[in-house]
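Participant: As input, take model_2.txt (compact mmCIF, C-alpha atoms):
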```txt
# COMPACT_ATOMS: atom_id res chain seq x y z
CA MET O 1 -17.11 -14.52 23.11
CA ASN O 2 -17.33 -11.07 21.49
CA GLU O 3 -13.65 -10.45 22.10
CA LEU O 4 -12.77 -13.78 20.49
CA LYS O 5 -15.07 -13.01 17.57
CA ARG O 6 -13.23 -9.69 17.13
CA VAL O 7 -9.87 -11.49 17.15
CA ARG O 8 -11.08 -14.02 14.57
CA MET O 9 -12.59 -11.43 12.20
CA MET O 10 -9.61 -9.07 12.49
CA THR O 11 -7.20 -11.90 11.67
CA ALA O 12 -9.30 -13.08 8.73
CA HIS O 13 -9.44 -9.55 7.22
CA TYR O 14 -6.06 -8.23 8.36
CA ARG O 15 -4.83 -7.44 4.84
CA SER O 16 -8.18 -6.08 3.56
CA LEU O 17 -8.19 -3.52 6.37
CA GLN O 18 -4.75 -2.16 5.43
CA GLY O 19 -6.46 0.43 3.25
CA LEU O 20 -3.54 2.85 3.05
CA ARG O 21 -1.74 0.38 0.76
CA MET O 22 -4.14 1.35 -2.06
CA LEU O 23 -4.33 5.05 -1.19
CA PRO O 24 -1.45 6.17 -3.51
CA TRP O 25 -3.22 4.53 -6.48
CA PHE O 26 -6.53 6.26 -5.72
CA LEU O 27 -4.81 9.61 -5.16
CA TRP O 28 -2.95 9.21 -8.44
CA MET O 29 -6.24 8.47 -10.23
CA LEU O 30 -7.68 11.62 -8.64
CA ALA O 31 -4.65 13.74 -9.57
CA PHE O 32 -4.48 12.36 -13.11
CA SER O 33 -8.19 13.01 -13.67
CA ALA O 34 -7.90 16.56 -12.32
CA VAL O 35 -4.65 17.64 -13.96
CA ASN O 36 -5.17 16.15 -17.43
CA PRO O 37 -8.11 18.34 -18.57
CA LEU O 38 -6.94 21.41 -16.63
CA MET O 39 -3.65 21.39 -18.54
CA GLY O 40 -5.57 21.00 -21.76
CA LEU O 41 -3.62 17.94 -22.86
CA PRO O 42 -4.90 16.49 -26.13
CA GLN O 43 -6.98 13.45 -25.21
CA GLY O 44 -5.88 11.43 -28.23
CA ARG O 45 -2.13 12.12 -27.99
CA LEU O 46 -0.42 9.10 -26.50
CA ASP O 47 2.92 10.87 -25.89
CA TYR O 48 1.26 13.42 -23.59
CA GLN O 49 -0.72 10.73 -21.82
CA LEU O 50 2.46 8.68 -21.27
CA LEU O 51 4.04 11.69 -19.53
CA PHE O 52 1.56 11.07 -16.74
CA ILE O 53 0.97 7.36 -17.00
CA VAL O 54 4.63 6.25 -16.68
CA PRO O 55 5.37 8.27 -13.49
CA GLY O 56 1.84 7.35 -12.46
CA LEU O 57 2.86 3.70 -12.39
CA VAL O 58 6.18 4.27 -10.61
CA VAL O 59 5.19 6.81 -7.93
CA PRO O 60 2.08 5.07 -6.49
CA TRP O 61 3.82 1.68 -6.74
CA THR O 62 6.82 2.96 -4.73
CA LEU O 63 4.59 4.69 -2.16
CA SER O 64 2.41 1.59 -1.87
CA ARG O 65 5.52 -0.54 -1.19
CA LEU O 66 6.70 1.90 1.50
CA ILE O 67 3.28 1.86 3.16
CA GLY O 68 3.34 -1.95 3.00
CA THR O 69 6.69 -1.94 4.84
CA TYR O 70 5.16 0.38 7.47
CA TYR O 71 2.21 -1.99 7.96
CA ASP O 72 4.49 -5.03 8.28
CA ARG O 73 6.70 -3.26 10.83
CA VAL O 74 3.95 -1.69 12.98
CA PHE O 75 1.09 -4.21 12.66
CA GLY O 76 2.93 -7.39 11.72
CA ARG O 77 2.20 -9.92 8.98
CA VAL O 78 -0.78 -12.22 8.69
CA GLU O 79 -1.00 -14.71 5.83
CA GLY O 80 -4.63 -15.39 4.91
CA LEU O 81 -6.19 -18.82 4.60
CA PRO O 82 -6.24 -20.26 1.08
CA SER O 83 -9.59 -19.77 -0.63
CA ARG O 84 -12.09 -22.59 -0.05
CA ASN O 85 -13.40 -22.28 -3.57
CA ARG O 86 -10.90 -20.61 -5.88
CA LEU O 87 -13.03 -21.17 -8.98
CA VAL O 88 -15.97 -19.24 -7.48
CA ASP O 89 -13.61 -16.37 -6.51
CA VAL O 90 -12.22 -16.22 -10.06
CA LEU O 91 -15.74 -16.32 -11.56
CA ILE O 92 -16.92 -13.47 -9.30
CA GLY O 93 -13.83 -11.43 -10.26
CA VAL O 94 -14.32 -12.03 -14.00
CA ALA O 95 -18.05 -11.23 -13.72
CA PHE O 96 -17.28 -7.87 -12.11
CA VAL O 97 -14.65 -6.99 -14.74
CA ILE O 98 -17.19 -7.74 -17.50
CA LEU O 99 -19.94 -5.79 -15.70
CA ALA O 100 -17.59 -2.82 -15.14
CA TYR O 101 -16.64 -2.84 -18.84
CA ILE O 102 -20.31 -2.94 -19.87
CA GLY O 103 -21.05 -0.13 -17.39
CA PHE O 104 -18.20 1.98 -18.79
CA PHE O 105 -19.42 1.33 -22.35
CA VAL O 106 -23.04 2.22 -21.51
CA ASP O 107 -21.96 5.41 -19.70
CA SER O 108 -19.92 6.58 -22.69
CA GLN O 109 -22.49 5.65 -25.35
CA GLU O 110 -25.86 6.32 -23.73
CA ARG O 111 -27.12 9.39 -21.89
CA TRP O 112 -28.78 7.56 -19.02
CA PRO O 113 -29.57 9.55 -15.88
CA VAL O 114 -27.39 7.21 -13.80
CA SER O 115 -23.80 5.96 -13.97
CA VAL O 116 -23.91 2.21 -14.57
CA PHE O 117 -20.14 1.95 -14.01
CA GLY O 118 -20.48 3.63 -10.61
CA LEU O 119 -23.34 1.32 -9.64
CA VAL O 120 -21.29 -1.75 -10.60
CA LEU O 121 -18.42 -0.51 -8.40
CA ALA O 122 -20.89 0.11 -5.55
CA LEU O 123 -22.21 -3.44 -5.98
CA ALA O 124 -18.64 -4.81 -5.87
CA PHE O 125 -18.02 -3.14 -2.49
CA LEU O 126 -21.38 -4.34 -1.20
CA VAL O 127 -20.54 -7.94 -2.20
CA GLN O 128 -17.15 -7.64 -0.47
CA TRP O 129 -18.92 -6.48 2.71
CA TRP O 130 -21.40 -9.37 2.50
CA LEU O 131 -18.67 -11.98 1.87
CA SER O 132 -16.76 -10.68 4.91
CA GLY O 133 -19.67 -11.70 7.14
CA ARG O 134 -20.77 -8.03 7.30
CA PHE O 135 -17.57 -7.12 9.12
CA LEU O 136 -15.88 -4.72 6.66
CA THR O 137 -18.10 -1.72 7.44
CA HIS O 138 -15.96 0.70 5.44
CA CYS O 139 -17.04 -1.21 2.30
CA VAL O 140 -20.69 -0.30 3.00
CA VAL O 141 -19.75 3.38 3.41
CA THR O 142 -17.79 3.29 0.12
CA ALA O 143 -20.66 1.46 -1.64
CA THR O 144 -23.20 4.02 -0.35
CA LEU O 145 -21.11 6.99 -1.47
CA LEU O 146 -20.57 5.40 -4.89
CA ALA O 147 -24.29 4.71 -5.27
CA ILE O 148 -25.13 8.32 -4.34
CA LEU O 149 -22.56 9.61 -6.86
CA SER O 150 -23.99 7.32 -9.56
CA LEU O 151 -27.57 8.42 -8.90
CA LEU O 152 -26.87 12.17 -8.64
CA PRO O 153 -28.04 12.90 -12.24
CA LEU O 154 -31.51 11.65 -11.24
CA VAL O 155 -31.89 14.74 -9.04
CA GLY O 156 -30.47 17.05 -11.70
CA ILE O 157 -26.81 17.09 -10.64
CA PRO O 158 -24.56 16.05 -13.54
CA ALA O 159 -22.12 13.74 -11.79
CA ASP O 160 -20.35 12.86 -15.02
CA GLY O 161 -19.40 16.53 -15.33
CA GLN O 162 -20.07 16.70 -19.04
CA GLU O 163 -20.13 20.48 -18.69
CA LEU O 164 -16.70 20.35 -17.05
CA GLY O 165 -15.13 18.22 -19.75
CA GLY O 166 -16.33 14.90 -18.35
CA PHE O 167 -13.62 14.69 -15.70
CA MET O 168 -15.61 15.25 -12.51
CA PHE O 169 -16.75 11.64 -12.16
CA PRO O 170 -13.24 10.07 -11.87
CA ILE O 171 -12.18 12.87 -9.49
CA ILE O 172 -15.10 12.24 -7.13
CA LEU O 173 -14.54 8.49 -7.60
CA GLY O 174 -10.91 8.96 -6.53
CA ILE O 175 -12.02 10.95 -3.47
CA ILE O 176 -14.59 8.29 -2.47
CA LEU O 177 -12.13 5.40 -2.91
CA SER O 178 -9.53 7.34 -0.89
CA ILE O 179 -12.07 7.91 1.90
CA GLY O 180 -12.90 4.18 1.85
CA SER O 181 -9.24 3.16 2.14
CA VAL O 182 -8.64 5.58 5.06
CA LEU O 183 -11.78 4.26 6.80
CA GLY O 184 -10.45 0.70 6.42
CA HIS O 185 -7.23 1.78 8.13
CA ILE O 186 -9.21 3.42 10.94
CA VAL O 187 -11.19 0.19 11.51
CA LEU O 188 -7.87 -1.71 11.70
CA VAL O 189 -6.31 0.70 14.21
CA ARG O 190 -9.43 0.95 16.39
CA ASN O 191 -9.76 -2.84 16.66
CA LEU O 192 -6.15 -3.61 17.48
CA LYS O 193 -4.59 -3.39 20.93
CA SER O 194 -1.84 -0.88 21.53
CA LEU O 195 1.47 -2.39 22.51
CA PRO O 196 2.13 -2.45 26.26
CA GLN O 197 4.07 0.53 27.66
CA GLY O 198 7.82 0.38 27.03
CA GLU O 199 7.50 -2.01 24.09
CA PRO O 200 8.25 -0.75 20.56
CA MET T 1 -27.52 -30.79 32.40
CA THR T 2 -25.17 -33.48 33.78
CA GLU T 3 -23.90 -33.98 30.25
CA ALA T 4 -23.09 -30.25 30.00
CA PHE T 5 -21.05 -30.40 33.21
CA GLU T 6 -19.16 -33.38 31.78
CA VAL T 7 -18.37 -31.36 28.66
CA LEU T 8 -17.30 -28.43 30.85
CA ALA T 9 -15.04 -30.65 32.93
CA GLY T 10 -13.60 -32.21 29.80
CA LEU T 11 -12.47 -28.92 28.22
CA ASP T 12 -8.79 -28.95 27.35
CA LYS T 13 -7.07 -26.65 29.87
CA ILE T 14 -4.20 -25.91 27.49
CA VAL T 15 -6.66 -24.58 24.91
CA HIS T 16 -9.23 -23.03 27.25
CA GLU T 17 -6.92 -20.56 29.02
CA PRO T 18 -8.19 -17.12 27.76
CA ALA T 19 -4.94 -15.83 26.22
CA ARG T 20 -4.18 -19.16 24.54
CA LEU T 21 -7.77 -19.47 23.31
CA ALA T 22 -7.44 -16.00 21.72
CA LEU T 23 -4.13 -16.99 20.10
CA LEU T 24 -5.50 -20.27 18.73
CA THR T 25 -8.67 -18.52 17.52
CA ALA T 26 -6.56 -15.93 15.68
CA LEU T 27 -4.35 -18.61 14.14
CA SER T 28 -7.41 -20.62 13.07
CA ALA T 29 -8.48 -17.69 10.86
CA CYS T 30 -5.19 -17.50 8.92
CA SER T 31 -2.39 -19.62 7.47
CA SER T 32 0.26 -17.95 9.61
CA ALA T 33 0.80 -14.85 11.71
CA ASP T 34 3.96 -13.26 13.03
CA PHE T 35 4.78 -12.30 16.61
CA VAL T 36 3.96 -8.58 16.17
CA SER T 37 0.51 -9.21 14.67
CA LEU T 38 -0.37 -11.66 17.47
CA GLN T 39 0.72 -9.06 20.01
CA ARG T 40 -1.45 -6.40 18.34
CA LEU T 41 -4.43 -8.76 18.13
CA THR T 42 -4.29 -9.95 21.74
CA GLY T 43 -2.59 -7.08 23.59
CA LEU T 44 -0.24 -9.49 25.39
CA THR T 45 3.22 -8.37 26.49
CA LYS T 46 6.22 -9.93 24.71
CA GLY T 47 7.01 -12.06 27.75
CA ASN T 48 3.46 -13.34 28.17
CA LEU T 49 3.08 -14.04 24.47
CA SER T 50 6.37 -15.96 24.37
CA THR T 51 5.32 -18.07 27.38
CA HIS T 52 1.92 -18.94 25.90
CA LEU T 53 3.42 -19.74 22.49
CA SER T 54 6.00 -22.03 24.12
CA LYS T 55 3.24 -23.93 25.96
CA LEU T 56 1.22 -24.32 22.77
CA GLU T 57 4.31 -25.48 20.89
CA GLU T 58 5.13 -28.03 23.62
CA ALA T 59 1.56 -29.34 23.31
CA GLY T 60 2.09 -29.75 19.55
CA LEU T 61 -0.72 -27.32 18.69
CA ILE T 62 1.40 -24.73 16.89
CA ALA T 63 4.64 -24.63 14.91
CA ILE T 64 7.07 -21.74 15.36
CA GLU T 65 9.45 -20.76 12.60
CA LYS T 66 12.24 -18.23 13.16
CA GLN T 67 13.30 -16.39 10.02
CA PHE T 68 14.80 -13.13 8.80
CA VAL T 69 12.79 -10.53 6.90
CA GLY T 70 15.48 -8.32 5.41
CA LYS T 71 17.94 -8.05 8.27
CA LYS T 72 15.33 -8.28 11.04
CA PRO T 73 14.45 -11.49 12.88
CA ASN T 74 10.83 -12.53 12.49
CA THR T 75 8.88 -15.21 14.37
CA LEU T 76 6.20 -16.89 12.28
CA VAL T 77 3.51 -18.96 13.99
CA ARG T 78 1.07 -21.40 12.41
CA LEU T 79 -1.38 -24.04 13.66
CA THR T 80 -0.38 -27.68 13.26
CA PRO T 81 -3.09 -30.02 11.90
CA GLU T 82 -3.57 -31.24 15.51
CA GLY T 83 -3.92 -27.64 16.66
CA ARG T 84 -6.54 -26.89 14.01
CA THR T 85 -8.54 -29.97 15.02
CA ALA T 86 -8.20 -29.05 18.71
CA ILE T 87 -9.45 -25.47 18.31
CA ASP T 88 -12.29 -26.52 15.99
CA GLN T 89 -13.45 -29.16 18.51
CA HIS T 90 -13.06 -26.68 21.37
CA TRP T 91 -15.29 -24.13 19.65
CA GLN T 92 -17.89 -26.83 18.95
CA GLN T 93 -17.87 -27.73 22.66
CA LEU T 94 -18.18 -24.05 23.70
CA GLU T 95 -21.08 -23.47 21.31
CA ARG T 96 -22.82 -26.59 22.61
CA LEU T 97 -22.37 -25.39 26.19
CA HIS T 98 -23.69 -21.97 25.19
CA ARG T 99 -26.82 -23.57 23.68
CA ASP T 100 -27.31 -25.80 26.75
CA ALA T 101 -26.98 -22.80 29.08
CA GLN T 102 -29.59 -20.88 27.10
CA GLN T 103 -32.01 -23.84 27.20
CA TRP T 104 -31.39 -24.20 30.94
CA GLN T 105 -32.17 -20.51 31.52
CA SER T 106 -35.36 -20.58 29.43
CA GLY T 107 -36.52 -23.90 30.88
```
Would you give me this structure, written as structure tokens?
Facilitator:
Amino acid sequence: MNELKRVRMMTAHYRSLQGLRMLPWFLWMLAFSAVNPLMGLPQGRLDYQLLFIVPGLVVPWTLSRLIGTYYDRVFGRVEGLPSRNRLVDVLIGVAFVILAYIGFFVDSQERWPVSVFGLVLALAFLVQWWLSGRFLTHCVVTATLLAILSLLPLVGIPADGQELGGFMFPIILGIILSIGSVLGHIVLVRNLKSLPQGEP
Amino acid sequence: MTEAFEVLAGLDKIVHEPARLALLTALSACSSADFVSLQRLTGLTKGNLSTHLSKLEEAGLIAIEKQFVGKKPNTLVRLTPEGRTAIDQHWQQLERLHRDAQQWQSG
């Protein structure tokens, strides 16, 4: 029964566990956040920003496509079931976008000792874990790390890095999301069978 | 308990065979899956997987579609409506048997 349950859950979440697909985007976010202030680029100058944003769209997109091809070749393709209630899915998505925007606004306007944006992201991962029937364990790890990052100012550690030009938060965020995506991949690999000897 | 034995005896042998039950369970959780993913999910050899898929196709429980992805051949497998009904009913029967067995043990 447990083996069959594993098969069912793995099939249902096959795509969600292919975390490396998103890794180039998270690494780009990390690199962009780190390089931008270190190079002293003017924050308001769009031409400088575009120098990074345009390659930033092409490079992770290309890498993500290549990783997708690797997944299809090595792990095969699974097409998920259509959503039972598409309207609810859309409403949840829209609610999180609004909450994230509010969180971002509050973080930039108020000096609260927590990051509301980080907490919203943590909540999003926690909801994803819950909706997966508590199967996607890497989502809980990501949510926990995000919550810790968001609450760090409460114990006197400035997670938003105001002293460092306000760029520490997205860097750590990029690291946490990268860790989460790698963990998802590890869950996928550990729960799949290796191909019998002599088969590609 | 007699009723439980009747349910046990009435289980569909095509569906209940362990490898085929795993395949049908996997396919019940998705719209379609290709040959490689089914191999990775079940650990079956190519030969075994092909044999089981042929039996399930003959029984009308799955549909197999051969296609090309790029220049490579790709075998796509999906449950037929009959197959989805069969695996859903089979799981209901198994869960009922499981409950009966637990009651029998405790009683």
Participant: Quick one: distance from CA of Gly180 (chain O) to CA of Ala31 (chain O) in Å, one decimal?
Facilitator: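 Between these atoms lies a distance of 17.0 Å.
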Participant: Check every residue of chain O for an atom within 6 Å of chain T, counting only C-alpha atoms, and provide those that qualify as a list in words.
Facilitator: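 Within 6 Å of chain T on chain O, we get Leu4, Val7, Arg8, Thr11, Ala12, Phe75, Gly76, Arg77, Val78, Glu79, Gly80, Leu81, Leu192 and Lys193 of chain O.
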Participant: Record the distance separating CA of Glu3 (chain O) and CA of Thr69 (chain O), expressed in Å with one decimal.
Facilitator: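 Separation of CA of Glu3 (chain O) and CA of Thr69 (chain O): 28.0 Å.
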Participant: Within 6 Å of His138 (chain O), counting all atoms listed in the file, which residues show up once you throw out same-chain ones fewer than 2 positions away? Write them as a count of residues only, please.
Facilitator: 6
Participant: Record the distance separating CA of Ile98 (chain O) and CA of Val127 (chain O), expressed in Å with one decimal.
Facilitator: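 A separation of 15.7 Å between them.
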Participant: Would you give me, as a Markdown table, each residue of region 3-24 of chain T having an atom within 9 Å of an atom of region 56-71 of chain T, along with its shortest atom pair and that distance in Å to one decimal, using all atoms listed in the file and sorting by chain and residue number?
Facilitator:
```
| residue | atom | partner | partner_atom | distance |
| --- | --- | --- | --- | --- |
| T:Ile14 | CA | T:Leu56 | CA | 7.4 |
| T:Val15 | CA | T:Leu56 | CA | 8.2 |
| T:Arg20 | CA | T:Leu56 | CA | 7.7 |
| T:Leu24 | CA | T:Ile62 | CA | 8.4 |
```
Participant: Output the selection as a short mmCIF file (atom, residue, chain, number, x, y, z; two decimals), in the frame of the given file - C-alpha atoms for each residue.
Facilitator:
```cif
data_model
loop_
_atom_site.label_atom_id
_atom_site.label_comp_id
_atom_site.auth_asym_id
_atom_site.auth_seq_id
_atom_site.Cartn_x
_atom_site.Cartn_y
_atom_site.Cartn_z
CA ILE T 14 -4.20 -25.91 27.49
CA VAL T 15 -6.66 -24.58 24.91
CA ARG T 20 -4.18 -19.16 24.54
CA LEU T 24 -5.50 -20.27 18.73
#
```
